[in-house]
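All remarks here apply to the structure that follows.
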Amino acid sequence: MSLDRSQQLELYSRMLRIRRFEEAIVAHYPVGHLSIGQEGAIVGACMALRDDDYVTGTHRSHGHPIGKGAAINPLMAEIFGKRTGICKGLGGSMHLTDTSLGLICESAIVGGGFPLATGAGLSIQVRKSDQVSLCFFGDGAANQGTFGESINMAAIWKLPVIYFCENNGYAVTTSVAASHGQPDIARRADGYGIPGVIVDGQDADAVYEVTQAAVDRARAGEGPTLIEAKTYRFDEHSNRLAIPIRYRSDEEIAFHRNERDPITLYRARLVAGGLAAEVEAIEAEVTCIMADAVQFAKDSPEPELSDLTDNMFSNPINFPVTREGIFGDA
Amino acid sequence: MSLDRSQQLELYSRMLRIRRFEEAIVAHYPVGHLSIGQEGAIVGACMALRDDDYVTGTHRSHGHPIGKGAAINPLMAEIFGKRTGICKGLGGSMHLTDTSLGLICESAIVGGGFPLATGAGLSIQVRKSDQVSLCFFGDGAANQGTFGESINMAAIWKLPVIYFCENNGYAVTTSVAASHGQPDIARRADGYGIPGVIVDGQDADAVYEVTQAAVDRARAGEGPTLIEAKTYRFDEHSNRLAIPIRYRSDEEIAFHRNERDPITLYRARLVAGGLAAEVEAIEAEVTCIMADAVQFAKDSPEPELSDLTDNMFSNPINFPVTREGIFGDA
Amino acid sequence: MRNSTQKLSYLQAIVEAQREEMRRDERVILMGEDIAVYGAQSLFDEFDHSRLRNVPISENSFTGVGVGAALTGLRPIVDLTIASFVYLASDQIINQAAKLRFMTGGQLKVPIVVRTSTFYNNRTAAQHADRPYPLFMNIPGLKVVAPATASDAKGLLKAAIRDDDPVIMFEDINLWGKKEEVPVDVDFLVPIGKADIKRAGSDATIVSVAGCLLPALAAAELLAREGIDVEVVDLRTIAPMDKETILASVAKTGRLVIADNSHKVGSVASEIAAVVSEEGFESLRKPIQRVATPSVHIPYNQALERQLYPTKERIVAAVRAIL
Amino acid sequence: MRNSTQKLSYLQAIVEAQREEMRRDERVILMGEDIAVYGAQSLFDEFDHSRLRNVPISENSFTGVGVGAALTGLRPIVDLTIASFVYLASDQIINQAAKLRFMTGGQLKVPIVVRTSTFYNNRTAAQHADRPYPLFMNIPGLKVVAPATASDAKGLLKAAIRDDDPVIMFEDINLWGKKEEVPVDVDFLVPIGKADIKRAGSDATIVSVAGCLLPALAAAELLAREGIDVEVVDLRTIAPMDKETILASVAKTGRLVIADNSHKVGSVASEIAAVVSEEGFESLRKPIQRVATPSVHIPYNQALERQLYPTKERIVAAVRAIL
Ligand SMILES: Cc1ncc(C[n+]2csc(CCOP(=O)(O)OP(=O)(O)O)c2C)c(N)n1
Ligand SMILES: Cc1ncc(C[n+]2csc(CCOP(=O)(O)OP(=O)(O)O)c2C)c(N)n1
Ligand SMILES: [Mg+2]
Ligand SMILES: [Mg+2]
């Protein structure tokens, strides 16, 4: 159950797209929470999914749609708050949700995705479909009550859900050691009678393999799996939050950047496998894609007040609330 | 670490007080959720506590104060909704809270006690006291998110808290098998890096022993323990809720009533140990206590409207809301 | 068939609404704790059990599971049973159900119905007796209904199930047993967002919120005996509110009493008063009167509890005060 | 010393309030996620770390842990950071903190302070930008404060910490950096439950709720240039509300505009309008005007977001409409 070469190249391309997308954000529109350093975990997991499988994500939302293969232009335009954005400029950096690829929510409420992913699993089961649902969440999110509540429900109903932890060691400034009774999130799985697996999140192939096994299990009706990918966030928690304290050492950061970059590691593997030319072609292509996307985003129009009311309800009733329009002041 | 004979007699007396208290309720003022069948778990646990240790309980609230040694009259008057009740008739059957014995909340919100008991543990730690805090909860409550959230906090801070599950096999009509990924609540402890212990809840001495070990551990600063006592509720979920379906067999109920009654079992042990006379004296005394309590409750006055406003705030401001009094209608 | 009726209690009407919609649309599922205890046992005989889910006691998550299912092709009814538990699920209701369509720029729809019952006047004390519907009217993106009759319960629930937006229905446990003739037509719907004039009148308007309809009508009867002709507007939908009907009634009568079982401060009655003081001020001849539950918690003692909710006597007194 | 002041930002004033009360009373502790990030880093140098708790991301439980600690001898300040997270903790706030004293017949007191910041106008989109203070005014047993100046923030927070009942303080992130002279007296308290006339006037009353004080004062300035003399009442405490001050102002001016950042339906503005339409009706010469945030979610796009909250222009227009 390994990826073939073309799939490996696609995996590399998607990881690189995440990296370059976020570098472009930093350069052109610095908002949000970056997934740089975590690309191996994200894309490794997504490679095990079909286009019609569901995914829920987090405030650190850029990687998930790109990992799932989404078009870049609408994502970039969303970062810029434009009307051509995937969410029309209403969702923004924490909520890059491309439903055409099964993404149903990037929840900036930490832990908010657990029930939604589980609900997608329930829907799959009731509709007798063979899709699966994958829930990305952070180590910090594992302390939200919805974690145990949702996993338990998936366990009793044998729902086709993969709970996938991007354990980057920290929740803002709070380390896993300071916030978890014991440090392995996967070890909690046994309490719900389901398998828990730990994997090196910087090894995208390894991530793919454990995820594919969980997906197979889910499609076979055998229920959920909890996967914990140990990974690392290279940059600060968020581009926009000033952090007045030091909570991790420079050495630690340098070690991960230098020795444990999932993209560097994967590139070396591909090159060693004789794919140097293909790798370079991908790199050139990704650079173009990002330049185009930034231009597209810049050139796109802003949303308007009417977009607010237009996107509130599927079936508006007595709405907007006032005849005069949105404000209804005198 | 076993109970001496006088403690065993006290244990027996408290179990019997719970049983007779609830039989009196059924006869005279049939409200609420009965603990009959679960006395061994409740009192076994309470015998390991000091008067100044904290306890949180549940909607099935009668056993906890009695197990902790509370005076019966104010509890009975509370059941009758009287002003002499422990909560002045404002709390009622689901909330028999006697704070003079460290009871801080009987939560009718299932799972609501986890954070409160944990907070009491935090308070003990910050105040450098040597008290402990014990959280009674049901098997159903273990599926509330506060379970994992709270236990994790107690684990990371090594709080002196004992999480004590009265696993009676059901939450209303829902069996543990139908609502838990795997049936042993205690097995979830490992996910938080704390010990989890299963004990026969119908054997009050055994319950005492595991609880005492957990209390010692907590007082020694070694942190929380999760205890699961397997027990059984002999009666319906609540005196006041009609249950239109059969969710457990008559044989199952009969087996527990006949073979697994914690009071019968304990009585036999005491009698075999040569305490027949003492046991009979206790039985006579408990009968008197309950007759007195029912009379006291019947004779007591009702609370008044002013009791409502008087008990809202410690420090009332702009209250009651209207000059005219509580209603403030025209 | 089209115009025939059947005698049903309020709770039976709710069960029938669910049955009819589950028959009509296999995407409709029902989730809740011990659903058989809350009236759904007969559904187990008819429907695939995969559509009837007894859930663990995990309110925030099972509500969110309903939301997730709604996003992916089902139309879940989530029974939160007792309204005091709604706070546990309010994160998923407010931060997810109400916001997801907007946040995704309209990519998603969220056809979920959350049912919950106000368990007041029932000797269950402060942790069970809340009537928290006012909290949800402040949340954009939610529809909130609160029927006071069996027909309205059936018709509004059916409309809610067919609606593509999240709807919360607040039921009233004190009405569960009340029987009346209810339409049997499987397409009988009560429109969300329309108040209903349950009694026409010209001297004063009583707007009743949720379960206050019965004391409001009783008050109107009492006053009628004295020749005072009161109009009773049953709000039915709390959000989005039918301002037109209320303003039209006040334009006619010039006098407004609002009866609401929720706590007075920040109540639905407050919102109605605000709307009328803003948009109907010129028609008002006298101060608005809110008859609501005072700002104390609900006591266990039954005699005390009973006095707290609006009664016909208090409503009559409020009308008299502005005649 | 008694009358001296010190230039502090709104956030610094909050940190100083905490520092002073932690010095004064060792039962005071501070709990929250990443508290150093939210201004408390300097407290770590001074106080035993056992009183400063970085908590896991478990809002309902860590708030409840604060409640449990409050029941057993501490006086916790729980920082819920961003107000959109308050729904996660609303069960423990509403079903426990607000009710426990009452439910136990007064045996317990619950001296907890829950702080939370409204993070609006900050490009964080719908899941971060809520201003949910109206929801809590409907809950008996809670005190809710929402200061708009650094001095009020300091004085109200200190009063809240010393109060034996549960208090929720809604801060305004848009004011965090705003500096002013703040009293240094360690016993400087702002009384809970008292509104403050921030500008006296006789032609119309503007009641400002929470962060709306700045646009309200700016509006008053603009109108003053035209000779229109507006009184600005800063509500400061949302519950229990200071009805007297509001009614007295309206009795004087006969005209009322209410500016509130929360969504209009079910807002604090609605409650104020209801109170005045009930108890101050005879003084009202014109319809009440609510200037609030329309009932849409908060978009990420900054230009759109900025237009949604009450501005001085909208407040001026509302005053003009009733002159
Ligand atoms: C319910 C909730 N609480 C707190 C926050 C603030 N917050 C945003 S991200 C974050 C840390 C999340 O940590 P983790 O789950 O490990 O994800 P990471 O940021 O490391 O990717 C916190 C506390 C939030 N957004 N939602
Ligand atoms: C938050 C919440 N959800 C649901 C209920 C309704 N309810 C009351 S008791 C109960 C079952 C609790 O089961 P368990 O924890 O096993 O306790 P037991 O009744 O068996 O003692 C339920 C669902 C409640 N009171 N609170
Ligand atoms: Mg993390
Ligand atoms: Mg049970």
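How things are named: the first chain in the structure tokens is A, the next is B, and so on; residues count from 1 in each chain; ligands count from 1 in the order shown.
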
If you run DSSP on this backbone, which residues of stretch 17-98 of chain B come out as helix (DSSP H, G or I), and could you give them as a ChimeraX atom specification? /B:17-28,39-46,63-68,72-79

Give me, as an mmCIF file with all heavy atoms, in the first residue's frame, all polymer residues having an atom no more than 8 Å from B:Ser2, counting only C-alpha atoms and skipping those fewer than 6 positions away in the same chain.
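Writing the result to out-v2.cif gives the following:
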```
data_model
loop_
_atom_site.group_PDB
_atom_site.id
_atom_site.type_symbol
_atom_site.label_atom_id
_atom_site.label_comp_id
_atom_site.auth_asym_id
_atom_site.auth_seq_id
_atom_site.Cartn_x
_atom_site.Cartn_y
_atom_site.Cartn_z
ATOM 1 N N ASP B 205 -16.911 -2.783 51.408
ATOM 2 C CA ASP B 205 -15.542 -2.784 51.934
ATOM 3 C C ASP B 205 -14.516 -2.652 50.807
ATOM 4 O O ASP B 205 -13.531 -1.915 50.936
ATOM 5 C CB ASP B 205 -15.271 -4.083 52.712
ATOM 6 C CG ASP B 205 -15.866 -4.047 54.122
ATOM 7 O OD1 ASP B 205 -16.067 -2.930 54.662
ATOM 8 O OD2 ASP B 205 -16.129 -5.132 54.681
ATOM 9 N N TYR B 208 -14.494 0.850 49.709
ATOM 10 C CA TYR B 208 -13.746 1.656 50.681
ATOM 11 C C TYR B 208 -12.244 1.536 50.435
ATOM 12 O O TYR B 208 -11.514 2.519 50.411
ATOM 13 C CB TYR B 208 -14.076 1.248 52.116
ATOM 14 C CG TYR B 208 -13.042 1.780 53.075
ATOM 15 C CD1 TYR B 208 -13.034 3.128 53.419
ATOM 16 C CD2 TYR B 208 -12.018 0.963 53.558
ATOM 17 C CE1 TYR B 208 -12.047 3.643 54.251
ATOM 18 C CE2 TYR B 208 -11.030 1.465 54.380
ATOM 19 C CZ TYR B 208 -11.050 2.812 54.722
ATOM 20 O OH TYR B 208 -10.068 3.326 55.521
ATOM 21 N N GLU B 209 -11.784 0.333 50.229
ATOM 22 C CA GLU B 209 -10.334 0.138 50.126
ATOM 23 C C GLU B 209 -9.725 0.824 48.912
ATOM 24 O O GLU B 209 -8.711 1.510 49.028
ATOM 25 C CB GLU B 209 -9.990 -1.358 50.175
ATOM 26 C CG GLU B 209 -9.921 -1.824 51.626
ATOM 27 C CD GLU B 209 -9.973 -3.335 51.818
ATOM 28 O OE1 GLU B 209 -9.409 -4.043 50.964
ATOM 29 O OE2 GLU B 209 -10.575 -3.771 52.820
#
```

Name all residues at most 6 Å from stretch 55-68 of chain C (count only C-alpha atoms; drop same-chain ones fewer than 4 positions away) and give them as a ChimeraX atom specification. /A:115-116,118-120,146,149-150 /B:143-144,179 /C:32-33,76,88-89,92

For chain B against chain A, which residues fall within 12 Å using only C-alpha atoms, given as an MDAnalysis selection string? chainID B and resid 111 114:115 140:159 175:196 223:224

Give me the chain C side of the contact with chain B, cut-off 10 Å, one line per residue showing its nearest atom pair and distance in Å at one decimal, counting only C-alpha atoms, sorted by chain and residue number, as JSON lines.
```
{"residue": "C:Glu33", "atom": "CA", "partner": "B:Thr174", "partner_atom": "CA", "distance": 8.1}
{"residue": "C:Asp34", "atom": "CA", "partner": "B:Thr173", "partner_atom": "CA", "distance": 6.1}
{"residue": "C:Ile35", "atom": "CA", "partner": "B:Thr173", "partner_atom": "CA", "distance": 9.4}
{"residue": "C:Ala36", "atom": "CA", "partner": "B:Pro244", "partner_atom": "CA", "distance": 7.1}
{"residue": "C:Val37", "atom": "CA", "partner": "B:Ile243", "partner_atom": "CA", "distance": 5.8}
{"residue": "C:Tyr38", "atom": "CA", "partner": "B:Ile243", "partner_atom": "CA", "distance": 9.1}
{"residue": "C:Gly39", "atom": "CA", "partner": "B:Pro244", "partner_atom": "CA", "distance": 8.6}
{"residue": "C:Ala40", "atom": "CA", "partner": "B:Pro244", "partner_atom": "CA", "distance": 9.9}
{"residue": "C:Gln41", "atom": "CA", "partner": "B:Pro244", "partner_atom": "CA", "distance": 7.6}
{"residue": "C:Asn54", "atom": "CA", "partner": "B:Thr174", "partner_atom": "CA", "distance": 7.6}
{"residue": "C:Val55", "atom": "CA", "partner": "B:Ser179", "partner_atom": "CA", "distance": 7.0}
{"residue": "C:Pro56", "atom": "CA", "partner": "B:Ser179", "partner_atom": "CA", "distance": 5.2}
{"residue": "C:Ile57", "atom": "CA", "partner": "B:Asn143", "partner_atom": "CA", "distance": 5.6}
{"residue": "C:Ser58", "atom": "CA", "partner": "B:Gln144", "partner_atom": "CA", "distance": 4.8}
{"residue": "C:Glu59", "atom": "CA", "partner": "B:Gln144", "partner_atom": "CA", "distance": 7.5}
{"residue": "C:Asn60", "atom": "CA", "partner": "B:Gly145", "partner_atom": "CA", "distance": 8.2}
{"residue": "C:Ser61", "atom": "CA", "partner": "B:Gly145", "partner_atom": "CA", "distance": 8.4}
{"residue": "C:Ser84", "atom": "CA", "partner": "B:Ile109", "partner_atom": "CA", "distance": 8.4}
{"residue": "C:Phe85", "atom": "CA", "partner": "B:Ile109", "partner_atom": "CA", "distance": 7.3}
{"residue": "C:Leu88", "atom": "CA", "partner": "B:Ile109", "partner_atom": "CA", "distance": 9.5}
{"residue": "C:Arg123", "atom": "CA", "partner": "B:Gly92", "partner_atom": "CA", "distance": 8.2}
{"residue": "C:Thr124", "atom": "CA", "partner": "B:Gly92", "partner_atom": "CA", "distance": 7.7}
{"residue": "C:Ala125", "atom": "CA", "partner": "B:Gly91", "partner_atom": "CA", "distance": 6.1}
{"residue": "C:Ala126", "atom": "CA", "partner": "B:Gly91", "partner_atom": "CA", "distance": 7.4}
{"residue": "C:Gln127", "atom": "CA", "partner": "B:Ala108", "partner_atom": "CA", "distance": 6.3}
{"residue": "C:His128", "atom": "CA", "partner": "B:Ala108", "partner_atom": "CA", "distance": 7.6}
{"residue": "C:Lys264", "atom": "CA", "partner": "B:Phe327", "partner_atom": "CA", "distance": 9.1}
{"residue": "C:Val265", "atom": "CA", "partner": "B:Val321", "partner_atom": "CA", "distance": 9.2}
{"residue": "C:Pro287", "atom": "CA", "partner": "B:Ala330", "partner_atom": "CA", "distance": 9.8}
{"residue": "C:Ile288", "atom": "CA", "partner": "B:Ala330", "partner_atom": "CA", "distance": 9.8}
{"residue": "C:Gln289", "atom": "CA", "partner": "B:Ala330", "partner_atom": "CA", "distance": 7.0}
{"residue": "C:Arg290", "atom": "CA", "partner": "B:Asp329", "partner_atom": "CA", "distance": 6.9}
{"residue": "C:Val291", "atom": "CA", "partner": "B:Asp329", "partner_atom": "CA", "distance": 6.0}
{"residue": "C:Ala292", "atom": "CA", "partner": "B:Phe327", "partner_atom": "CA", "distance": 7.9}
{"residue": "C:Thr293", "atom": "CA", "partner": "B:Phe327", "partner_atom": "CA", "distance": 7.3}
{"residue": "C:Pro294", "atom": "CA", "partner": "B:Phe327", "partner_atom": "CA", "distance": 5.3}
{"residue": "C:Ser295", "atom": "CA", "partner": "B:Val321", "partner_atom": "CA", "distance": 7.4}
{"residue": "C:Val296", "atom": "CA", "partner": "B:Leu308", "partner_atom": "CA", "distance": 6.5}
{"residue": "C:His297", "atom": "CA", "partner": "B:Met312", "partner_atom": "CA", "distance": 7.6}
{"residue": "C:Ile298", "atom": "CA", "partner": "B:Leu90", "partner_atom": "CA", "distance": 7.8}
{"residue": "C:Pro299", "atom": "CA", "partner": "B:Leu90", "partner_atom": "CA", "distance": 4.4}
{"residue": "C:Tyr300", "atom": "CA", "partner": "B:Leu90", "partner_atom": "CA", "distance": 4.8}
{"residue": "C:Asn301", "atom": "CA", "partner": "B:Gly81", "partner_atom": "CA", "distance": 4.8}
{"residue": "C:Gln302", "atom": "CA", "partner": "B:Gly81", "partner_atom": "CA", "distance": 7.7}
{"residue": "C:Ala303", "atom": "CA", "partner": "B:Glu302", "partner_atom": "CA", "distance": 8.6}
{"residue": "C:Leu304", "atom": "CA", "partner": "B:Leu305", "partner_atom": "CA", "distance": 6.5}
{"residue": "C:Glu305", "atom": "CA", "partner": "B:Leu305", "partner_atom": "CA", "distance": 9.3}
{"residue": "C:Gln307", "atom": "CA", "partner": "B:Leu305", "partner_atom": "CA", "distance": 8.9}
{"residue": "C:Leu308", "atom": "CA", "partner": "B:Phe327", "partner_atom": "CA", "distance": 7.9}
{"residue": "C:Tyr309", "atom": "CA", "partner": "B:Phe327", "partner_atom": "CA", "distance": 9.6}
{"residue": "C:Pro310", "atom": "CA", "partner": "B:Phe327", "partner_atom": "CA", "distance": 9.5}
{"residue": "C:Arg314", "atom": "CA", "partner": "B:Asp329", "partner_atom": "CA", "distance": 7.5}
{"residue": "C:Ile315", "atom": "CA", "partner": "B:Asp329", "partner_atom": "CA", "distance": 8.8}
{"residue": "C:Ala317", "atom": "CA", "partner": "B:Ala330", "partner_atom": "CA", "distance": 7.1}
{"residue": "C:Ala318", "atom": "CA", "partner": "B:Ala330", "partner_atom": "CA", "distance": 5.5}
{"residue": "C:Val319", "atom": "CA", "partner": "B:Ala330", "partner_atom": "CA", "distance": 8.9}
{"residue": "C:Arg320", "atom": "CA", "partner": "B:Ala330", "partner_atom": "CA", "distance": 9.0}
{"residue": "C:Ala321", "atom": "CA", "partner": "B:Ala330", "partner_atom": "CA", "distance": 6.3}
{"residue": "C:Ile322", "atom": "CA", "partner": "B:Ala330", "partner_atom": "CA", "distance": 8.8}
```

Restricting the output to C-alpha atoms, write the selected residues as a short mmCIF file (atom, residue, chain, number, x, y, z; two decimals), in the first residue's frame.
```
data_model
loop_
_atom_site.label_atom_id
_atom_site.label_comp_id
_atom_site.auth_asym_id
_atom_site.auth_seq_id
_atom_site.Cartn_x
_atom_site.Cartn_y
_atom_site.Cartn_z
CA GLU C 33 -31.09 10.84 24.17
CA ASP C 34 -33.56 8.07 24.95
CA ILE C 35 -35.79 9.17 22.10
CA ALA C 36 -38.35 6.49 22.89
CA VAL C 37 -38.95 8.18 26.25
CA TYR C 38 -39.68 11.45 24.50
CA GLY C 39 -42.47 10.13 22.31
CA ALA C 40 -40.65 8.49 19.41
CA GLN C 41 -41.09 4.83 20.34
CA ASN C 54 -30.18 7.15 20.61
CA VAL C 55 -27.13 9.21 21.38
CA PRO C 56 -24.70 9.27 24.32
CA ILE C 57 -24.99 12.19 26.77
CA SER C 58 -22.78 14.48 24.71
CA GLU C 59 -24.94 17.47 23.85
CA ASN C 60 -22.41 19.69 22.12
CA SER C 61 -21.13 16.84 19.98
CA SER C 84 -31.76 23.87 30.06
CA PHE C 85 -29.32 21.59 28.23
CA LEU C 88 -24.13 22.72 26.37
CA ARG C 123 -41.03 20.81 40.08
CA THR C 124 -37.64 20.17 38.50
CA ALA C 125 -35.92 23.24 39.99
CA ALA C 126 -33.43 25.70 38.58
CA GLN C 127 -31.26 23.40 36.46
CA HIS C 128 -34.14 22.03 34.42
CA LYS C 264 -38.18 39.60 31.87
CA VAL C 265 -34.79 41.20 31.32
CA PRO C 287 -46.94 52.51 28.03
CA ILE C 288 -46.11 49.01 26.86
CA GLN C 289 -46.54 46.32 29.50
CA ARG C 290 -44.33 43.24 29.71
CA VAL C 291 -45.74 40.37 31.76
CA ALA C 292 -42.90 37.90 32.19
CA THR C 293 -41.09 35.74 34.71
CA PRO C 294 -39.22 37.76 37.31
CA SER C 295 -35.42 37.62 37.37
CA VAL C 296 -35.09 34.88 39.95
CA HIS C 297 -34.21 31.25 39.41
CA ILE C 298 -36.90 28.61 39.42
CA PRO C 299 -37.43 27.06 42.84
CA TYR C 300 -38.26 23.42 43.51
CA ASN C 301 -41.19 24.29 45.74
CA GLN C 302 -44.23 23.94 43.55
CA ALA C 303 -46.43 26.58 45.10
CA LEU C 304 -43.72 29.17 44.64
CA GLU C 305 -42.81 28.07 41.16
CA GLN C 307 -46.64 31.93 40.85
CA LEU C 308 -43.67 33.01 38.76
CA TYR C 309 -44.95 32.51 35.23
CA PRO C 310 -47.44 34.89 33.66
CA ARG C 314 -51.40 39.18 35.81
CA ILE C 315 -52.16 39.64 32.13
CA ALA C 317 -54.10 43.43 35.41
CA ALA C 318 -51.58 44.61 32.83
CA VAL C 319 -54.30 45.23 30.25
CA ARG C 320 -56.42 47.08 32.80
CA ALA C 321 -53.50 49.29 33.70
CA ILE C 322 -53.37 50.74 30.19
#
```

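Counting only C-alpha atoms and all ligand atoms, the residue from A:Tyr266, A:Phe255, A:Phe234, A:Tyr170 that sits nearest to ligand 1 is A:Tyr170.
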
Atomic separation - atom CA of D:Val114 relative to atom CA of D:Cys212, Å: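 Going from atom CA of D:Cys212 over to atom CA of D:Val114 covers 21.3 Å.
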
Pick from B:Leu9, B:Leu49, B:Ala41, B:Val197 nearest to ligand 2, counting only C-alpha atoms and all ligand atoms: B:Ala41

Counting only C-alpha atoms, what is within 12 Å of stretch 6-17 of chain C, bar same-chain residues fewer than 5 positions away, as a PyMOL selection string? chain C and resi 1+22-24+28+30+35-44+77+79+115-117+147-162+169-190+211

From the set D:Ile94, D:Lys99, D:Ala129, D:Arg51, which residue has the shortest atom-to-atom contact distance to ligand 1, counting only C-alpha atoms and all ligand atoms?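 Looking only at the distances to ligand 1, the closest residue turns out to be D:Ala129.
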
Can you tell me which residues surround D:Pro111 at a distance of at most 6 Å, considering only C-alpha atoms, apart from same-chain residues fewer than 3 positions away, and format the answer as a PyMOL selection string? chain D and resi 70+75+164-166

Can you build me a table of chain D residues sitting at most 12 Å from ligand 2, with the closest atom pair per residue and its distance in Å to one decimal, using only C-alpha atoms and all ligand atoms, sorted by chain and residue number, as JSON lines?
```
{"residue": "D:Asp91", "atom": "CA", "partner": "ligand 2", "partner_atom_place_in_ligand_line": "1 (C)", "distance": 8.8}
{"residue": "D:Gln92", "atom": "CA", "partner": "ligand 2", "partner_atom_place_in_ligand_line": "1 (C)", "distance": 10.8}
{"residue": "D:Asn95", "atom": "CA", "partner": "ligand 2", "partner_atom_place_in_ligand_line": "1 (C)", "distance": 9.8}
{"residue": "D:Gln96", "atom": "CA", "partner": "ligand 2", "partner_atom_place_in_ligand_line": "1 (C)", "distance": 11.8}
```

Excluding D:Met137 and any residue of its chain fewer than 5 positions from it, enumerate the residues within 9 Å of it, using only C-alpha atoms, and give them as a PyMOL selection string. (chain C and resi 265-266) or (chain D and resi 142-144+238-241+268)

With C-alpha atoms kept, could you save the residues just selected as an mmCIF file, in the first residue's frame?
```cif
data_model
loop_
_atom_site.group_PDB
_atom_site.id
_atom_site.type_symbol
_atom_site.label_atom_id
_atom_site.label_comp_id
_atom_site.auth_asym_id
_atom_site.auth_seq_id
_atom_site.Cartn_x
_atom_site.Cartn_y
_atom_site.Cartn_z
ATOM 1 C CA VAL C 265 -34.787 41.199 31.320
ATOM 2 C CA GLY C 266 -33.619 40.487 27.801
ATOM 3 C CA LEU D 142 -25.228 37.075 36.926
ATOM 4 C CA LYS D 143 -23.690 40.513 37.005
ATOM 5 C CA VAL D 144 -22.435 41.690 33.633
ATOM 6 C CA ILE D 238 -25.373 45.624 31.597
ATOM 7 C CA ALA D 239 -26.936 43.617 34.420
ATOM 8 C CA PRO D 240 -28.269 44.538 36.872
ATOM 9 C CA MET D 241 -29.110 47.602 34.847
ATOM 10 C CA VAL D 268 -29.032 45.366 25.179
#
```

Picked from stretch 63-242 of chain A by DSSP as strand (DSSP E), as a PyMOL selection string: chain A and resi 103-107+133-138+161-167+170-171+174-175+196-200+225-230

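Closest approach to chain D among C:Asp203, C:Glu226, C:Glu244, C:Asp130: C:Asp130, based on only C-alpha atoms.
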